[in-house]
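Trainee: As input, take query-v7.tsv (TSV, C-alpha atoms and all ligand atoms):
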```tsv
chain	number	residue	atom	x	y	z
A	24	MET	CA	-15.33	38.18	-13.82
A	25	ASN	CA	-14.84	39.49	-10.28
A	26	LYS	CA	-17.44	41.98	-9.14
A	27	ILE	CA	-16.51	45.06	-7.12
A	28	LEU	CA	-19.44	46.88	-5.57
A	29	THR	CA	-18.60	50.52	-4.90
A	30	ILE	CA	-20.57	52.54	-2.36
A	31	ILE	CA	-20.56	56.32	-2.78
A	32	GLY	CA	-22.87	59.00	-1.45
A	33	ALA	CA	-21.12	62.34	-0.85
A	34	ARG	CA	-19.55	64.98	-3.09
A	35	PRO	CA	-15.87	64.14	-2.52
A	36	GLN	CA	-16.62	60.44	-3.09
A	37	PHE	CA	-18.02	61.07	-6.57
A	38	ILE	CA	-14.84	62.97	-7.41
A	39	LYS	CA	-12.54	60.24	-6.05
A	40	ALA	CA	-14.55	57.42	-7.64
A	41	SER	CA	-14.43	59.05	-11.08
A	42	VAL	CA	-10.80	58.04	-11.66
A	43	VAL	CA	-10.90	54.71	-9.82
A	44	SER	CA	-13.99	53.54	-11.74
A	45	GLN	CA	-12.19	54.29	-15.00
A	46	ALA	CA	-9.15	52.33	-13.85
A	47	ILE	CA	-11.32	49.37	-12.78
A	48	ALA	CA	-13.05	49.41	-16.18
A	49	LYS	CA	-9.61	49.07	-17.84
A	50	THR	CA	-8.54	46.14	-15.63
A	51	SER	CA	-9.26	42.74	-17.11
A	52	GLY	CA	-11.18	40.36	-14.88
A	53	LEU	CA	-12.90	43.17	-12.92
A	54	GLN	CA	-16.36	44.65	-13.24
A	55	GLU	CA	-17.86	47.37	-11.06
A	56	VAL	CA	-21.37	48.03	-9.77
A	57	LEU	CA	-21.82	51.59	-8.49
A	58	VAL	CA	-24.30	52.18	-5.66
A	59	HIS	CA	-25.25	55.74	-4.59
A	60	THR	CA	-26.62	55.94	-1.04
A	61	GLY	CA	-28.26	59.33	-1.64
A	62	GLN	CA	-26.41	61.12	1.21
A	63	HIS	CA	-25.84	64.11	-1.11
A	64	PHE	CA	-28.67	64.47	-3.58
A	65	ASP	CA	-28.95	68.05	-4.90
A	66	ALA	CA	-28.04	68.43	-8.58
A	67	ASN	CA	-25.10	70.67	-7.66
A	68	MET	CA	-23.90	68.30	-4.90
A	69	SER	CA	-24.25	65.09	-6.93
A	70	THR	CA	-25.42	64.90	-10.59
A	71	VAL	CA	-23.01	67.60	-11.82
A	72	PHE	CA	-19.99	65.47	-10.86
A	73	PHE	CA	-21.21	62.44	-12.82
A	74	SER	CA	-21.68	64.49	-15.97
A	75	GLU	CA	-18.51	66.63	-15.66
A	76	LEU	CA	-16.19	63.79	-14.73
A	77	GLY	CA	-17.54	61.34	-17.33
A	78	MET	CA	-18.95	58.82	-14.84
A	79	LYS	CA	-21.58	56.22	-15.60
A	80	PRO	CA	-24.76	56.80	-13.58
A	81	PRO	CA	-25.00	54.59	-10.50
A	82	ALA	CA	-26.63	51.18	-11.03
A	83	GLN	CA	-28.64	51.70	-7.84
A	84	GLN	CA	-29.83	54.81	-5.99
A	85	LEU	CA	-30.79	54.14	-2.38
A	86	GLY	CA	-32.21	57.64	-1.81
A	87	ILE	CA	-31.18	57.83	1.85
A	88	HIS	CA	-30.40	61.23	3.37
A	89	GLY	CA	-31.24	63.38	6.36
A	90	GLY	CA	-31.95	62.37	9.93
A	91	GLY	CA	-29.35	62.01	12.66
A	92	HIS	CA	-26.11	60.10	12.17
A	93	GLY	CA	-27.53	56.93	13.73
A	94	GLU	CA	-30.71	57.01	11.69
A	95	MET	CA	-28.93	57.75	8.41
A	96	THR	CA	-26.22	55.13	8.97
A	97	GLY	CA	-28.78	52.56	10.15
A	98	ARG	CA	-31.04	53.03	7.13
A	99	MET	CA	-28.02	52.75	4.84
A	100	LEU	CA	-26.86	49.60	6.60
A	101	ILE	CA	-30.22	47.89	6.04
A	102	ALA	CA	-30.43	48.96	2.39
A	103	ILE	CA	-26.81	48.12	1.56
A	104	GLU	CA	-27.09	44.67	3.15
A	105	ARG	CA	-30.00	43.91	0.81
A	106	VAL	CA	-28.04	45.10	-2.21
A	107	LEU	CA	-25.02	43.00	-1.21
A	108	GLN	CA	-27.18	39.92	-0.73
A	109	SER	CA	-28.63	40.24	-4.21
A	110	GLU	CA	-25.47	41.41	-6.03
A	111	LYS	CA	-23.07	39.01	-4.26
A	112	PRO	CA	-19.93	41.04	-5.01
A	113	ASP	CA	-16.40	39.71	-4.50
A	114	ALA	CA	-15.32	42.95	-2.81
A	115	VAL	CA	-16.82	46.23	-1.59
A	116	LEU	CA	-15.01	49.51	-2.27
A	117	VAL	CA	-15.57	52.55	-0.04
A	118	TYR	CA	-14.04	56.03	0.08
A	119	GLY	CA	-13.13	58.46	2.82
A	120	ASP	CA	-14.99	58.98	6.05
A	121	THR	CA	-18.73	59.61	5.64
A	122	ASN	CA	-21.75	57.71	6.96
A	123	SER	CA	-21.96	56.02	3.54
A	124	THR	CA	-18.38	54.76	4.03
A	125	LEU	CA	-19.11	53.29	7.44
A	126	ALA	CA	-22.44	51.74	6.45
A	127	GLY	CA	-20.91	50.15	3.33
A	128	ALA	CA	-17.94	48.72	5.21
A	129	LEU	CA	-20.03	47.41	8.10
A	130	ALA	CA	-22.66	45.78	5.89
A	131	ALA	CA	-19.92	44.07	3.86
A	132	ALA	CA	-17.80	42.99	6.82
A	133	LYS	CA	-20.80	41.33	8.50
A	134	LEU	CA	-21.48	39.41	5.29
A	135	ARG	CA	-17.78	38.47	5.13
A	136	ILE	CA	-17.22	40.34	1.91
A	137	PRO	CA	-13.72	41.89	1.86
A	138	VAL	CA	-13.65	45.69	2.03
A	139	ALA	CA	-11.27	48.01	0.20
A	140	HIS	CA	-10.87	51.45	1.80
A	141	VAL	CA	-9.54	54.29	-0.33
A	142	GLU	CA	-8.05	57.11	1.79
A	143	ALA	CA	-7.26	54.76	4.66
A	144	GLY	CA	-5.11	55.80	7.61
A	145	LEU	CA	-6.09	59.47	7.84
A	146	ARG	CA	-6.32	60.64	11.43
A	147	SER	CA	-7.20	63.91	13.13
A	148	PHE	CA	-6.90	62.25	16.58
A	149	ASN	CA	-10.13	64.05	17.45
A	150	MET	CA	-12.85	61.53	18.23
A	151	ALA	CA	-15.42	64.35	18.55
A	152	MET	CA	-15.45	64.41	14.73
A	153	PRO	CA	-17.98	62.06	13.12
A	154	GLU	CA	-15.48	61.60	10.27
A	155	GLU	CA	-12.79	60.30	12.66
A	156	ILE	CA	-15.17	57.67	14.06
A	157	ASN	CA	-16.17	56.61	10.55
A	158	ARG	CA	-12.63	56.30	9.24
A	159	ILE	CA	-11.19	54.44	12.23
A	160	LEU	CA	-14.00	51.87	12.22
A	161	THR	CA	-13.81	51.48	8.44
A	162	ASP	CA	-10.04	50.93	8.55
A	163	ARG	CA	-10.49	48.33	11.26
A	164	MET	CA	-12.91	46.37	9.05
A	165	SER	CA	-11.01	46.69	5.77
A	166	HIS	CA	-9.05	44.01	3.98
A	167	TRP	CA	-7.27	46.46	1.66
A	168	LEU	CA	-6.05	49.73	3.17
A	169	PHE	CA	-5.15	52.12	0.34
A	170	THR	CA	-3.33	55.04	1.94
A	171	PRO	CA	-2.64	58.36	0.21
A	172	THR	CA	0.60	59.12	2.08
A	173	ASP	CA	3.38	57.58	4.15
A	174	THR	CA	1.99	59.43	7.18
A	175	ALA	CA	-1.33	57.61	6.79
A	176	ARG	CA	0.55	54.29	6.50
A	177	ALA	CA	2.43	55.07	9.73
A	178	HIS	CA	-0.84	55.74	11.58
A	179	LEU	CA	-2.19	52.35	10.51
A	180	GLU	CA	1.03	50.57	11.45
A	181	ASN	CA	1.01	52.26	14.87
A	182	GLU	CA	-2.53	50.98	15.40
A	183	GLY	CA	-1.43	47.45	14.54
A	184	SER	CA	-2.89	47.05	11.04
A	185	PRO	CA	-1.11	44.17	9.27
A	186	PRO	CA	1.48	45.72	6.89
A	187	HIS	CA	0.56	43.38	4.01
A	188	ARG	CA	-2.93	44.91	3.94
A	189	ILE	CA	-1.60	48.47	3.56
A	190	ALA	CA	-0.77	49.80	0.10
A	191	THR	CA	0.49	53.38	-0.16
A	192	VAL	CA	-0.79	54.33	-3.58
A	193	GLY	CA	-0.87	58.14	-3.48
A	194	ASP	CA	-3.90	60.39	-3.46
A	195	VAL	CA	-6.68	59.74	-5.96
A	196	MET	CA	-7.69	63.43	-5.78
A	197	TYR	CA	-4.30	64.26	-7.26
A	198	ASP	CA	-5.10	61.93	-10.16
A	199	VAL	CA	-8.38	63.80	-10.70
A	200	ALA	CA	-6.63	67.17	-10.50
A	201	LEU	CA	-4.09	66.11	-13.14
A	202	HIS	CA	-6.73	64.49	-15.32
A	203	HIS	CA	-9.49	67.11	-15.29
A	204	GLY	CA	-8.19	70.12	-13.38
A	205	ALA	CA	-5.09	70.81	-15.44
A	206	GLN	CA	-7.20	71.98	-18.42
A	207	VAL	CA	-9.07	74.72	-16.52
A	208	GLN	CA	-7.91	78.24	-17.36
A	209	ALA	CA	-8.69	81.70	-15.93
A	210	GLU	CA	-11.00	82.70	-18.81
A	211	GLY	CA	-14.73	82.00	-18.95
A	212	ARG	CA	-16.53	79.74	-16.46
A	213	ILE	CA	-17.54	81.15	-13.12
A	214	LEU	CA	-14.82	83.83	-12.94
A	215	GLY	CA	-15.87	85.16	-16.34
A	216	GLN	CA	-19.60	84.96	-15.61
A	217	ARG	CA	-19.21	86.87	-12.35
A	218	GLY	CA	-16.52	89.27	-13.50
A	219	ILE	CA	-14.08	88.18	-10.79
A	220	GLN	CA	-10.42	89.01	-11.44
A	221	PRO	CA	-7.94	86.11	-11.13
A	222	ARG	CA	-5.67	86.27	-8.02
A	223	SER	CA	-7.70	89.12	-6.55
A	224	TYR	CA	-9.98	87.16	-4.22
A	225	VAL	CA	-10.16	84.77	-1.29
A	226	LEU	CA	-12.07	81.50	-1.81
A	227	ALA	CA	-13.89	80.17	1.27
A	228	THR	CA	-15.66	76.86	1.98
A	229	VAL	CA	-17.18	75.84	5.32
A	230	HIS	CA	-19.15	72.66	5.97
A	231	ARG	CA	-17.76	70.71	8.93
A	232	ALA	CA	-20.12	70.05	11.81
A	233	GLU	CA	-17.53	71.33	14.32
A	234	ASN	CA	-17.94	74.78	12.67
A	235	THR	CA	-21.51	74.79	11.36
A	236	ASP	CA	-23.07	73.32	14.50
A	237	ASN	CA	-21.20	75.60	16.91
A	238	PRO	CA	-22.73	79.12	16.77
A	239	HIS	CA	-19.62	80.81	18.21
A	240	ARG	CA	-17.26	79.16	15.74
A	241	LEU	CA	-19.53	79.85	12.78
A	242	ALA	CA	-19.98	83.51	13.79
A	243	THR	CA	-16.17	83.77	14.16
A	244	VAL	CA	-15.64	82.41	10.64
A	245	VAL	CA	-18.14	84.92	9.24
A	246	ALA	CA	-16.59	87.82	11.17
A	247	ALA	CA	-13.04	86.87	10.08
A	248	LEU	CA	-14.13	86.62	6.43
A	249	GLU	CA	-15.80	90.02	6.72
A	250	MET	CA	-12.52	91.53	7.97
A	251	VAL	CA	-10.63	90.00	5.05
A	252	ALA	CA	-13.39	91.11	2.64
A	253	ALA	CA	-12.58	94.74	3.46
A	254	GLN	CA	-9.37	94.18	1.43
A	255	TYR	CA	-10.07	91.20	-0.86
A	256	PRO	CA	-13.44	90.06	-2.21
A	257	VAL	CA	-14.42	86.70	-0.72
A	258	VAL	CA	-16.06	84.07	-2.96
A	259	TRP	CA	-17.99	81.57	-0.86
A	260	PRO	CA	-19.70	78.61	-2.55
A	261	MET	CA	-21.92	77.73	0.35
A	262	HIS	CA	-22.68	74.15	1.38
A	263	PRO	CA	-26.45	73.60	1.80
A	264	ARG	CA	-26.07	72.82	5.50
A	265	THR	CA	-24.12	76.01	6.20
A	266	ARG	CA	-26.63	78.04	4.19
A	267	ALA	CA	-29.54	76.58	6.15
A	268	ILE	CA	-27.91	77.33	9.52
A	269	LEU	CA	-26.82	80.88	8.61
A	270	GLY	CA	-30.25	81.47	7.08
A	271	ARG	CA	-32.08	80.39	10.23
A	272	SER	CA	-29.97	82.66	12.44
A	273	GLY	CA	-30.46	85.68	10.13
A	274	GLN	CA	-26.70	85.98	9.43
A	275	LEU	CA	-27.06	85.56	5.66
A	276	GLU	CA	-28.85	88.87	5.11
A	277	SER	CA	-26.22	90.82	7.03
A	278	LEU	CA	-23.27	89.60	4.93
A	279	SER	CA	-21.52	92.51	3.25
A	280	ARG	CA	-21.46	92.95	-0.54
A	281	ASN	CA	-17.76	92.03	-0.59
A	282	ILE	CA	-18.70	88.45	0.22
A	283	HIS	CA	-19.95	86.76	-2.95
A	284	LEU	CA	-22.25	84.10	-1.66
A	285	ILE	CA	-22.84	81.48	-4.35
A	286	ASP	CA	-24.37	78.00	-4.52
A	287	PRO	CA	-22.04	74.99	-4.52
A	288	VAL	CA	-20.34	74.78	-7.90
A	289	GLY	CA	-19.38	71.84	-10.11
A	290	TYR	CA	-15.87	70.40	-9.99
A	291	LEU	CA	-14.47	72.36	-12.94
A	292	ASP	CA	-15.76	75.72	-11.71
A	293	MET	CA	-14.36	74.83	-8.29
A	294	VAL	CA	-10.97	74.09	-9.81
A	295	GLN	CA	-11.04	77.48	-11.51
A	296	LEU	CA	-11.95	79.23	-8.25
A	297	GLU	CA	-9.14	77.37	-6.44
A	298	LYS	CA	-6.46	77.74	-9.08
A	299	PHE	CA	-6.84	81.51	-9.44
A	300	ALA	CA	-7.48	82.45	-5.79
A	301	ALA	CA	-5.07	84.64	-3.82
A	302	LEU	CA	-5.88	82.49	-0.79
A	303	ILE	CA	-8.15	79.59	0.14
A	304	ALA	CA	-9.79	79.49	3.59
A	305	THR	CA	-11.52	76.18	4.24
A	306	ASP	CA	-12.46	73.44	6.65
A	307	SER	CA	-12.63	70.87	3.82
A	308	GLY	CA	-10.10	68.07	3.59
A	309	GLY	CA	-10.17	67.88	-0.19
A	310	VAL	CA	-9.93	71.63	-0.70
A	311	GLN	CA	-6.79	71.84	1.50
A	312	LYS	CA	-5.06	69.41	-0.85
A	313	GLU	CA	-6.35	71.05	-4.00
A	314	ALA	CA	-4.97	74.40	-2.76
A	315	PHE	CA	-1.57	72.71	-2.69
A	316	PHE	CA	-2.03	71.03	-6.10
A	317	TYR	CA	-2.49	74.52	-7.58
A	318	ARG	CA	0.16	76.07	-5.29
A	319	VAL	CA	-2.27	78.49	-3.62
A	320	PRO	CA	-1.72	79.33	0.07
A	321	CYS	CA	-4.36	77.86	2.38
A	322	VAL	CA	-5.73	78.58	5.85
A	323	THR	CA	-7.56	75.71	7.52
A	324	LEU	CA	-10.41	76.82	9.76
A	325	ARG	CA	-10.01	73.95	12.20
A	326	ASP	CA	-8.15	72.90	15.35
A	327	GLU	CA	-6.25	70.18	13.54
A	328	THR	CA	-5.83	68.66	10.09
A	329	GLU	CA	-5.31	65.16	8.74
A	330	TRP	CA	-3.03	66.56	6.01
A	331	THR	CA	-0.21	67.57	8.35
A	332	GLU	CA	2.49	67.45	5.65
A	333	LEU	CA	1.05	70.61	4.08
A	334	VAL	CA	1.28	72.52	7.36
A	335	GLU	CA	4.84	71.29	7.90
A	336	ALA	CA	5.83	72.40	4.38
A	337	GLY	CA	4.31	75.87	4.84
A	338	TRP	CA	1.49	75.56	2.27
A	339	ASN	CA	-1.21	75.47	4.91
A	340	ARG	CA	-1.68	76.88	8.40
A	341	LEU	CA	-4.27	76.13	11.07
A	342	ALA	CA	-6.56	78.91	12.30
A	343	PRO	CA	-9.06	77.51	14.82
A	344	PRO	CA	-12.12	79.79	14.59
A	345	LEU	CA	-12.13	80.99	18.18
A	346	SER	CA	-11.57	84.74	17.74
A	347	SER	CA	-12.05	86.65	14.47
A	348	GLY	CA	-9.06	89.04	14.79
A	349	PRO	CA	-6.35	86.36	14.90
A	350	VAL	CA	-8.09	84.26	12.20
A	351	SER	CA	-8.30	87.19	9.78
A	352	ALA	CA	-4.67	88.10	10.57
A	353	VAL	CA	-3.53	84.56	9.65
A	354	MET	CA	-5.44	84.82	6.38
A	355	LEU	CA	-4.01	88.19	5.39
A	356	GLN	CA	-0.47	87.11	6.30
A	357	ALA	CA	-0.78	83.93	4.22
A	358	ILE	CA	-1.53	85.78	0.97
A	359	GLY	CA	1.50	85.78	-1.33
A	360	THR	CA	3.36	83.03	0.56
A	361	GLN	CA	4.61	79.73	-0.88
A	362	GLY	CA	5.68	76.53	0.83
A	363	ALA	CA	8.47	74.01	0.30
A	364	ASP	CA	8.68	71.81	-2.82
A	365	ILE	CA	7.23	68.53	-1.58
A	366	ARG	CA	5.50	65.65	-3.39
A	367	PRO	CA	3.65	63.65	-0.76
A	368	TYR	CA	0.67	62.49	-2.85
A	369	GLY	CA	2.23	60.29	-5.51
A	370	ILE	CA	2.53	60.92	-9.22
A	371	GLY	CA	-1.08	60.73	-10.36
A	372	ASP	CA	-1.30	56.96	-10.86
A	373	SER	CA	-3.12	56.12	-7.61
A	374	ALA	CA	-6.32	54.91	-9.28
A	375	ALA	CA	-4.39	52.58	-11.58
A	376	ARG	CA	-2.45	51.18	-8.63
A	377	ILE	CA	-5.66	50.52	-6.69
A	378	ALA	CA	-7.28	48.73	-9.64
A	379	GLN	CA	-4.12	46.72	-10.32
A	380	ARG	CA	-3.89	45.52	-6.73
A	381	LEU	CA	-7.58	44.58	-6.57
A	382	GLY	CA	-7.28	42.81	-9.92
A	383	ALA	CA	-4.17	40.92	-8.85
A	384	ASP	CA	-5.67	39.79	-5.53
A	385	LEU	CA	-9.17	38.99	-6.73
A	386	CYS	CA	-8.26	37.32	-10.01
A	387	SER	CA	-5.38	35.18	-8.67
B	1	LIG	N1	-16.09	71.03	-4.36
B	1	LIG	C1	-16.84	71.34	-5.49
B	1	LIG	N2	-17.73	72.39	-5.42
B	1	LIG	C2	-17.90	73.13	-4.30
B	1	LIG	C3	-17.12	72.82	-3.15
B	1	LIG	C4	-16.23	71.76	-3.21
B	1	LIG	O1	-16.70	70.68	-6.53
B	1	LIG	O2	-18.72	74.06	-4.31
B	1	LIG	C5	-15.14	69.91	-4.43
B	1	LIG	C6	-13.73	70.27	-4.11
B	1	LIG	O3	-13.07	70.76	-5.25
B	1	LIG	C7	-13.16	68.95	-3.61
B	1	LIG	C8	-14.35	68.31	-2.94
B	1	LIG	O4	-15.51	68.97	-3.45
B	1	LIG	O5	-12.75	68.15	-4.69
B	1	LIG	C9	-14.26	68.48	-1.44
B	1	LIG	O6	-15.45	68.06	-0.87
B	1	LIG	P1	-15.96	68.55	0.55
B	1	LIG	O7	-15.31	69.82	0.90
B	1	LIG	O8	-17.45	68.50	0.50
B	1	LIG	O9	-15.54	67.36	1.52
B	1	LIG	P2	-14.18	66.92	2.25
B	1	LIG	O10	-13.07	66.95	1.25
B	1	LIG	O11	-13.98	67.85	3.40
B	1	LIG	O12	-14.47	65.54	2.72
```
So that I can check it, write out the structure of this file as structure tokens.
Mentor:
Amino acid sequence: MNKILTIIGARPQFIKASVVSQAIAKTSGLQEVLVHTGQHFDANMSTVFFSELGMKPPAQQLGIHGGGHGEMTGRMLIAIERVLQSEKPDAVLVYGDTNSTLAGALAAAKLRIPVAHVEAGLRSFNMAMPEEINRILTDRMSHWLFTPTDTARAHLENEGSPPHRIATVGDVMYDVALHHGAQVQAEGRILGQRGIQPRSYVLATVHRAENTDNPHRLATVVAALEMVAAQYPVVWPMHPRTRAILGRSGQLESLSRNIHLIDPVGYLDMVQLEKFAALIATDSGGVQKEAFFYRVPCVTLRDETEWTELVEAGWNRLAPPLSSGPVSAVMLQAIGTQGADIRPYGIGDSAARIAQRLGADLCS
């Protein structure tokens, strides 16, 4: 048996791992040990995804969260190295671009354990983003580079990654959307509980440091959403970090009643909110793609995006939160639009392709 040790720690990683773990379990010759760093730890940021997406609980919980980037990554590095020394896996699997991703890849690379990176090759070309630093360093250390798109493959090739290490497998989040999201309907769930009419509202999510940690940008996002809320109710499942920052500055109390501020929701409620929105306004990577999976127009509250194909095809548009008038205008104009018929993220078999490749290479 070849042992794959998977490191996860943040909300989108639980979602991505749900399908890959199932595919690994079905691959003969492979076994998986799941390690949770603790980066996200609230029930609605972590546990809910394990129960909703049918995942086994992690074998180990490292309980590491908070502190600055260096402190968090450093503590994870120490703890993960210990786990790797005792578990002696044949490969380490990491996802995306968080501190858990970087710490897992670095601990493994230093112990000469080959690293598999799911969602390799994404680039914003903005090194001010902690995510960009994490993903570039992780790609550089990885033995297997599983890219979601041809664009991501091209970025890796341009940087000189050896082509035989790159496998364009499609996007695992598309697999999850097909697997779990397709069943979600407009009735019941959060829309029913809150009496929100399908297609009548704008769904907003905001969590990136470039927005939350910059008071002007965050105030611009709030002001733009308020302008939109005069015409369409805004449903905003608020990330704990955003809530803490808006709470400290007193901006939470002054939000109008047309902004439905709710706690982060589980995956299935989120799918319902996405699928039946008139528009999604977000700075999340995953939510931009899910908007497209459900053919809902999207506005990205950032200066750039890694998922450029969606902007090119007209499903998404960038609205850097610099001035509220133009941002709200982009949002209102996007409602009711559709983009071109593109299929950049594979056919929903990405997890199986990842497991097959790992099985073939490790068991040969
Ligand atoms: N998500 C969720 N509940 C929420 C907000 C987001 O289940 O309240 C899901 C969303 O559907 C997507 C993922 O979390 O699958 C995106 O994670 P996030 O926005 O935290 O990170 P990013 O994708 O930007 O790395």
Trainee: Around (-10.0, 49.9, -7.8), as given in the file, which residues come within 6 Å? Count only C-alpha atoms and list them as a VMD selection string.
Mentor: chain A and resid 43 47 377 to 378 381
Trainee: Please provide the set of residues having any atom within 9 Å of Val106 in chain A, restricted to all atoms listed in the file, with same-chain residues fewer than 5 positions apart removed, written as a ChimeraX atom specification.
Mentor: /A:58,83,101,111
Trainee: Can you work out which residues are within 10 Å of ligand LIG 1 (chain B), considering all atoms listed in the file, and then hand them over as a compact mmCIF listing (two decimals) with C-alpha atoms, keeping the file's coordinate frame?
Mentor:
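And here is the file that came out, pocket.txt:
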```txt
# COMPACT_ATOMS: atom_id res chain seq x y z
CA ALA A 33 -21.12 62.34 -0.85
CA ARG A 34 -19.55 64.98 -3.09
CA PRO A 35 -15.87 64.14 -2.52
CA GLN A 36 -16.62 60.44 -3.09
CA PHE A 37 -18.02 61.07 -6.57
CA ILE A 38 -14.84 62.97 -7.41
CA LYS A 39 -12.54 60.24 -6.05
CA HIS A 63 -25.84 64.11 -1.11
CA ASN A 67 -25.10 70.67 -7.66
CA MET A 68 -23.90 68.30 -4.90
CA SER A 69 -24.25 65.09 -6.93
CA VAL A 71 -23.01 67.60 -11.82
CA PHE A 72 -19.99 65.47 -10.86
CA TYR A 118 -14.04 56.03 0.08
CA GLY A 119 -13.13 58.46 2.82
CA ASP A 120 -14.99 58.98 6.05
CA THR A 121 -18.73 59.61 5.64
CA GLU A 154 -15.48 61.60 10.27
CA MET A 196 -7.69 63.43 -5.78
CA TYR A 197 -4.30 64.26 -7.26
CA VAL A 199 -8.38 63.80 -10.70
CA ALA A 200 -6.63 67.17 -10.50
CA GLY A 204 -8.19 70.12 -13.38
CA ALA A 227 -13.89 80.17 1.27
CA THR A 228 -15.66 76.86 1.98
CA VAL A 229 -17.18 75.84 5.32
CA HIS A 230 -19.15 72.66 5.97
CA ARG A 231 -17.76 70.71 8.93
CA TRP A 259 -17.99 81.57 -0.86
CA PRO A 260 -19.70 78.61 -2.55
CA MET A 261 -21.92 77.73 0.35
CA HIS A 262 -22.68 74.15 1.38
CA PRO A 263 -26.45 73.60 1.80
CA ILE A 285 -22.84 81.48 -4.35
CA ASP A 286 -24.37 78.00 -4.52
CA PRO A 287 -22.04 74.99 -4.52
CA VAL A 288 -20.34 74.78 -7.90
CA GLY A 289 -19.38 71.84 -10.11
CA TYR A 290 -15.87 70.40 -9.99
CA LEU A 291 -14.47 72.36 -12.94
CA ASP A 292 -15.76 75.72 -11.71
CA MET A 293 -14.36 74.83 -8.29
CA VAL A 294 -10.97 74.09 -9.81
CA GLN A 295 -11.04 77.48 -11.51
CA LEU A 296 -11.95 79.23 -8.25
CA GLU A 297 -9.14 77.37 -6.44
CA THR A 305 -11.52 76.18 4.24
CA ASP A 306 -12.46 73.44 6.65
CA SER A 307 -12.63 70.87 3.82
CA GLY A 308 -10.10 68.07 3.59
CA GLY A 309 -10.17 67.88 -0.19
CA VAL A 310 -9.93 71.63 -0.70
CA GLN A 311 -6.79 71.84 1.50
CA LYS A 312 -5.06 69.41 -0.85
CA GLU A 313 -6.35 71.05 -4.00
CA ALA A 314 -4.97 74.40 -2.76
```
Trainee: For the contact check between range 158-251 of chain A and range 124-139 of chain A, emit one row per residue of range 158-251 of chain A within 8 Å, containing the shortest atom pair and the distance in Å rounded to one decimal, counting all atoms listed in the file, chain then rising number order, as a Markdown table.
Mentor:
```
| residue | atom | partner | partner_atom | distance |
| --- | --- | --- | --- | --- |
| A:Arg158 | CA | A:Leu125 | CA | 7.4 |
| A:Leu160 | CA | A:Leu125 | CA | 7.1 |
| A:Thr161 | CA | A:Leu125 | CA | 5.7 |
| A:Met164 | CA | A:Ala132 | CA | 6.3 |
| A:Ser165 | CA | A:Val138 | CA | 4.7 |
| A:His166 | CA | A:Val138 | CA | 5.3 |
| A:Trp167 | CA | A:Ala139 | CA | 4.5 |
| A:Leu168 | CA | A:Ala139 | CA | 6.2 |
| A:Phe169 | CA | A:Ala139 | CA | 7.4 |
```
Trainee: Find the spatial neighbours of Ser279 in chain A, counting all atoms listed in the file, within a cut-off of 12 Å - ignore same-chain residues fewer than 5 positions away - and output them as a list of chain:residue names.
Mentor: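 Residues meeting the cut-off are A:Val245, A:Ala246, A:Leu248, A:Glu249, A:Met250, A:Val251, A:Ala252, A:Ala253, A:Pro256, A:Val257, A:Val258, A:Gln274, A:Leu284.
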Trainee: If I take CA of Gly348 in chain A and CA of Gln254 in chain A, how far is one from the other in Å, to one decimal?
Mentor: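 CA of Gln254 in chain A lies at a distance of 14.3 Å from CA of Gly348 in chain A.
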Trainee: Set the distance at 12 Å and use all atoms listed in the file: which residues neighbour Gly218 in chain A once local chain neighbours fewer than 6 positions away are removed? I'd like the list as a list in words.
Mentor: Ala209, Glu210, Gly211, Arg212, Tyr224, Pro256, Val258 and His283 of chain A
Trainee: If I take CA of Leu100 in chain A and CA of Ile87 in chain A, how far is one from the other in Å, to one decimal?
Mentor: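 Answer for the CA of Leu100 in chain A to CA of Ile87 in chain A separation: 10.4 Å.
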Trainee: Find the distance between CA of Gly369 in chain A and CA of Pro153 in chain A and write it in Å to one decimal.
Mentor: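 Interatomic distance, CA of Gly369 in chain A to CA of Pro153 in chain A: 27.5 Å.
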Trainee: Select, from A:Asn25, A:Ser74, A:Gln216, A:Ser147, the residue with the minimum atom-to-atom distance to Gly52 in chain A, counting all atoms listed in the file.
Mentor: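 Between A:Asn25, A:Ser74, A:Gln216, A:Ser147, the residue approaching Gly52 in chain A most closely is A:Asn25.
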Trainee: When you count all atoms listed in the file, which of these residues is closest to Asp236 in chain A: A:Arg280, A:Arg266, A:His59, A:Arg318?
Mentor: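 Of the candidates, the smallest distance to Asp236 in chain A is held by A:Arg266.
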Trainee: Would you please work out which residue, of A:Ala232, A:Ala247, A:Asn122, A:His178, is nearest to Gly144 in chain A when using all atoms listed in the file?
Mentor: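 Smallest separation from Gly144 in chain A among the options: A:His178.
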Trainee: Which neighbours of Tyr255 in chain A fall inside 12 Å, counting all atoms listed in the file, when residues of the same chain fewer than 5 positions from it are skipped, and could you give them as a list in words?
Mentor: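 The residues satisfying every condition are Ile219, Gln220, Pro221, Arg222, Ser223, Tyr224, Val225, Leu226, Ala227, Leu248, Glu249, Met250, Arg280, Asn281, Ile282, His283, Ala300, Ala301, Leu302, Ile303, Ser351, Met354, Leu355 and Ile358 of chain A.
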Trainee: May I have the centre and edge lengths, in Å to one decimal, of an axis-aligned box around the listed atoms of range 219-235 of chain A with 6 Å added to every side, as JSON?
Mentor:
```
{"center_x": -13.6, "center_y": 79.6, "center_z": 1.4, "size_x": 27.8, "size_y": 31.1, "size_z": 37.8}
```
Trainee: Taking 5 positions as the minimum chain separation for residues in the same chain, which residues sit within 6 Å of range 338-344 of chain A when counting only C-alpha atoms? Answer as number ranges by chain.
Mentor: A: 240, 243-244, 320-326, 333, 350, 362
Trainee: Determine, for each residue of range 57-130 of chain A having at least one atom at most 12 Å from an atom of range 384-387 of chain A, the closest pair of atoms and their separation in Å to one decimal, counting all atoms listed in the file; order by chain and ascending number, as a Markdown table.
Mentor:
```
| residue | atom | partner | partner_atom | distance |
| --- | --- | --- | --- | --- |
| A:Pro112 | CA | A:Leu385 | CA | 11.1 |
| A:Asp113 | CA | A:Leu385 | CA | 7.6 |
| A:Ala114 | CA | A:Leu385 | CA | 8.3 |
| A:Val115 | CA | A:Leu385 | CA | 11.7 |
```
